[in-house]
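*Asks:* My structure is below; once you've seen it, I'll send some questions.
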Amino acid sequence: MKNKLIIGRYLPNNSMIHNLDPRAKLIFVFLFIILIFFCHSPMTYLWLFALILLFMKLAKIQFWFLIKGLTPIFVFLIFTFLMHVFFTKGGQVLVQWHSFTIETTGIVEGIYISLRLIAIVMVATLMTLSTSPIDLTDAFDKLLTPLKWIKIPVHQLSMIMSIALRFIPTLMDELDKIILAQKSRGSEISSGNITTRIKAFIPLLVPLFISAFQRAEELAIAMEVRGYDANVKRTSYRLLKWQLRDTIALVLLIPIAIILFVIKYSGV
């Protein structure tokens with residue numbers, strides 16, 4: 001299990017993407033996700049997925065490594081696709097059984113929404129794979145600094161997001177240990193039909209939640225022992241430096257968006 005989910009993990013590499021300022025990567029990913037929502041044709045999705053493959057190449061991350069790491073997400077994508085197939089109406093009727101119908105609009109919308117979610121998850125995962133949790137925390141803190149003027153606890157929110165990202169692989173490791181422990185006791189978790197597996201998986205949630213709360217308590221105690229105070233103004237050991245390459249990375253969003261809208265409104 002722990003090797004099947006890479007969301008929240010950091011993959012240290014020496015690449016163009018890794019060397020970018022984390023603030024530039026956050027802004028780029030945020031704007032790129034906005035562009036994804038403007039895709040509604042095969043060519044627009046082809047353009048953005050070609051860019052994502054290029055980003056993977058620049059980050060030195062293998063395609064199949066990313067796809068295998070996102071395998072657990074595909075269950076949610078299949079569910080999303082089926083919801084659109086069954087409940088979105090319009091177009092030609094393909095299957096009809098009493099009042100139940102499957103129509104072409106539902107299939108098309110299901111495909112587009114699934115592709116949109118895949119693109120969003122892939123871009124966000126590329127960012128976490130190429131950015132350490134500490135850098136992400138600093139980037140969130142710097143970018144959200146203006147919100148301090150309206151009394152929003154920016155540093156606390158940044159710390160929460162960083163810890164949440166870091167805990168995802170930790171909880172996956174813990175779940176893997178619990179599954180192995182249950183199998184050693186004769187529990188049939190990986191056999192049987194889907195219903196049987198779901199029923200066998202539910203009892204795993206109790207020890208997983210207990211372990212999560214224990215780890216959270218240990219982390220809180222460790223931070224308190226080291227004198228951590230969220231209300232004290234903090235300094236950074238690692239200073240973020242905005243360079244020319246970060247500006248170029250954000251400027252590249254302009255031609256990317258122009259090409260996207262040209263494809264979208266040219267009817268290609």
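Here's how to read the names in the structure tokens: chain A, B, ... by the order shown, residue numbers from 1 in each chain, ligand numbers from 1 in the order shown.
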Go through range 49-256 of chain A and collect every residue that DSSP, computed from the backbone, puts in strand (DSSP E or B); the answer should be as an MDAnalysis selection string.

*Replies:* chainID A and resid 93:97 100:103

*Asks:* Using only C-alpha atoms, determine which residues lie at most 9 Å from His18 in chain A, disregarding the query and same-chain residues fewer than 3 positions distant; provide the list as a PyMOL selection string.

*Replies:* chain A and resi 12-15+21-22+58-59+127+129-131

*Asks:* Can those selected residues be exported to a file as an mmCIF file, in the first residue's frame so that it contains C-alpha atoms?

*Replies:*
```cif
data_model
loop_
_atom_site.group_PDB
_atom_site.id
_atom_site.type_symbol
_atom_site.label_atom_id
_atom_site.label_comp_id
_atom_site.auth_asym_id
_atom_site.auth_seq_id
_atom_site.Cartn_x
_atom_site.Cartn_y
_atom_site.Cartn_z
ATOM 1 C CA PRO A 12 14.665 14.646 -4.259
ATOM 2 C CA ASN A 13 16.105 15.278 -7.701
ATOM 3 C CA ASN A 14 18.296 17.860 -9.372
ATOM 4 C CA SER A 15 15.995 19.133 -12.106
ATOM 5 C CA ASP A 21 11.198 28.786 -6.188
ATOM 6 C CA PRO A 22 8.318 27.034 -4.354
ATOM 7 C CA LEU A 58 11.751 18.420 -16.816
ATOM 8 C CA ALA A 59 11.235 17.121 -13.249
ATOM 9 C CA MET A 127 4.471 19.890 -7.345
ATOM 10 C CA LEU A 129 7.123 15.400 -5.633
ATOM 11 C CA SER A 130 9.432 18.267 -6.612
ATOM 12 C CA THR A 131 9.003 20.439 -3.488
#
```

*Asks:* Pick out the closest residue to Gln156 in chain A from this set: A:Lys177, A:Lys89, A:Gly227, A:Lys233. Count only C-alpha atoms.

*Replies:* A:Lys233

*Asks:* Taking only C-alpha atoms into account, produce a table as a Markdown table in which each residue of range 18-111 of chain A with an atom at most 10 Å from an atom of range 236-246 of chain A appears once, together with its shortest atom pair and the distance in Å to one decimal, ordered by chain and rising number.

*Replies:*
```
| residue | atom | partner | partner_atom | distance |
| --- | --- | --- | --- | --- |
| A:Asn19 | CA | A:Arg245 | CA | 9.2 |
| A:Leu20 | CA | A:Asp246 | CA | 6.0 |
| A:Asp21 | CA | A:Trp242 | CA | 6.2 |
| A:Pro22 | CA | A:Leu240 | CA | 8.1 |
| A:Arg23 | CA | A:Trp242 | CA | 8.4 |
| A:Ala24 | CA | A:Asp246 | CA | 5.7 |
| A:Lys25 | CA | A:Asp246 | CA | 8.2 |
| A:Phe28 | CA | A:Asp246 | CA | 9.6 |
```

*Asks:* I'd like the contact shell of Ala139 in chain A - 8 Å cut-off, only C-alpha atoms, skipping same-chain residues fewer than 2 positions apart - returned as a PDB file with N, CA, C and O atoms, in the first residue's frame.

*Replies:*
```pdb
ATOM      1  N   PRO A  22       9.616  27.659  -4.663  1.00  0.00           N
ATOM      2  CA  PRO A  22       8.318  27.034  -4.354  1.00  0.00           C
ATOM      3  C   PRO A  22       7.140  27.985  -4.525  1.00  0.00           C
ATOM      4  O   PRO A  22       6.032  27.542  -4.844  1.00  0.00           O
ATOM      5  N   ARG A  23       7.348  29.280  -4.343  1.00  0.00           N
ATOM      6  CA  ARG A  23       6.273  30.238  -4.573  1.00  0.00           C
ATOM      7  C   ARG A  23       5.883  30.278  -6.048  1.00  0.00           C
ATOM      8  O   ARG A  23       4.687  30.342  -6.379  1.00  0.00           O
ATOM      9  N   LEU A  26       3.850  27.132  -6.768  1.00  0.00           N
ATOM     10  CA  LEU A  26       2.480  27.224  -6.253  1.00  0.00           C
ATOM     11  C   LEU A  26       1.611  28.109  -7.138  1.00  0.00           C
ATOM     12  O   LEU A  26       0.471  27.748  -7.465  1.00  0.00           O
ATOM     13  N   ASP A 135       9.782  23.649   2.215  1.00  0.00           N
ATOM     14  CA  ASP A 135       9.675  24.706   1.208  1.00  0.00           C
ATOM     15  C   ASP A 135       8.216  25.060   0.935  1.00  0.00           C
ATOM     16  O   ASP A 135       7.888  26.235   0.718  1.00  0.00           O
ATOM     17  N   LEU A 136       7.346  24.063   0.929  1.00  0.00           N
ATOM     18  CA  LEU A 136       5.922  24.337   0.731  1.00  0.00           C
ATOM     19  C   LEU A 136       5.368  25.199   1.864  1.00  0.00           C
ATOM     20  O   LEU A 136       4.591  26.128   1.625  1.00  0.00           O
ATOM     21  N   THR A 137       5.762  24.887   3.085  1.00  0.00           N
ATOM     22  CA  THR A 137       5.309  25.679   4.223  1.00  0.00           C
ATOM     23  C   THR A 137       5.763  27.127   4.104  1.00  0.00           C
ATOM     24  O   THR A 137       4.975  28.064   4.315  1.00  0.00           O
ATOM     25  N   ASP A 141       3.410  30.422   3.539  1.00  0.00           N
ATOM     26  CA  ASP A 141       3.530  31.507   4.510  1.00  0.00           C
ATOM     27  C   ASP A 141       3.799  32.838   3.809  1.00  0.00           C
ATOM     28  O   ASP A 141       3.200  33.867   4.150  1.00  0.00           O
ATOM     29  N   LYS A 142       4.704  32.837   2.834  1.00  0.00           N
ATOM     30  CA  LYS A 142       5.054  34.074   2.136  1.00  0.00           C
ATOM     31  C   LYS A 142       3.911  34.573   1.249  1.00  0.00           C
ATOM     32  O   LYS A 142       3.610  35.771   1.211  1.00  0.00           O
ATOM     33  N   LEU A 143       3.280  33.656   0.529  1.00  0.00           N
ATOM     34  CA  LEU A 143       2.223  34.069  -0.399  1.00  0.00           C
ATOM     35  C   LEU A 143       0.966  34.563   0.317  1.00  0.00           C
ATOM     36  O   LEU A 143       0.254  35.437  -0.188  1.00  0.00           O
TER      37      LEU A 143
END
```

*Asks:* Between CA of Lys148 in chain A and CA of Arg226 in chain A, what is the distance in Å, rounded to a tenth?

*Replies:*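 Taking CA of Lys148 in chain A as the start and CA of Arg226 in chain A as the end point, the length is 25.0 Å.
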
*Asks:* What does the structure give for the distance between CA of Phe38 in chain A and CA of Gly90 in chain A, in Å to one decimal?

*Replies:*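 Here the two named atoms are 20.9 Å from each other.
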
*Asks:* So that I can see what lies close to Leu126 in chain A, please list as a ChimeraX atom specification the residues with an atom at most 12 Å from it, counting only C-alpha atoms and leaving out residues fewer than 4 positions away in the same chain.

*Replies:* /A:6-12,17-18,25-26,28-29,52-63,65-67,69-70,119-122,130-132

*Asks:* Give me, please, the distance in Å between CA of Thr101 in chain A and CA of Phe81 in chain A, quoted to one decimal.

*Replies:*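 Distance reported for this atom pair: 15.1 Å.
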
*Asks:* Report the residues of range 54-239 of chain A whose backbone DSSP state falls under alpha helix (DSSP H), written as a count of residues only.

*Replies:* 124

*Asks:* Point out the residue among A:Tyr228, A:Ile118, A:Thr170, A:Ala249 with the least atom-to-atom distance to Pro72 in chain A, counting only C-alpha atoms.

*Replies:* A:Ile118

*Asks:* I want to know what sits within 12 Å of Ser266 in chain A, based on only C-alpha atoms, with residues of the same chain fewer than 3 positions away left out; could you give that as a PyMOL selection string?

*Replies:* chain A and resi 41+43-44+258-263

*Asks:* Identify, on the basis of only C-alpha atoms, every residue whose closest approach to Ala164 in chain A does not exceed 12 Å; exclude the query and any residue fewer than 2 positions from it along the same chain; express the result as a list of chain:residue names.

*Replies:* A:Ile7, A:Gly8, A:Arg9, A:Pro133, A:Leu136, A:Thr137, A:Leu157, A:Ser158, A:Met159, A:Ile160, A:Met161, A:Ser162, A:Arg166, A:Phe167, A:Ile168, A:Pro169, A:Thr170, A:Leu171, A:Ala212, A:Ala216

*Asks:* Quick one: everything within 9 Å of Pro207 in chain A, counting only C-alpha atoms, minus sequence neighbours fewer than 4 positions away in the same chain. Send it as a ChimeraX atom specification.

*Replies:* /A:175,178,203,211-212

*Asks:* Any chance you could export the current selection's C-alpha atoms as a compact mmCIF listing (two decimals), in the first residue's frame?

*Replies:*
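What follows is the written file out_32.txt:
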```txt
# COMPACT_ATOMS: atom_id res chain seq x y z
CA LEU A 175 -2.06 1.23 6.99
CA ILE A 178 -1.96 -2.88 9.90
CA PRO A 203 -12.23 -2.77 10.66
CA SER A 211 -2.54 5.53 15.22
CA ALA A 212 -3.19 8.89 13.52
```
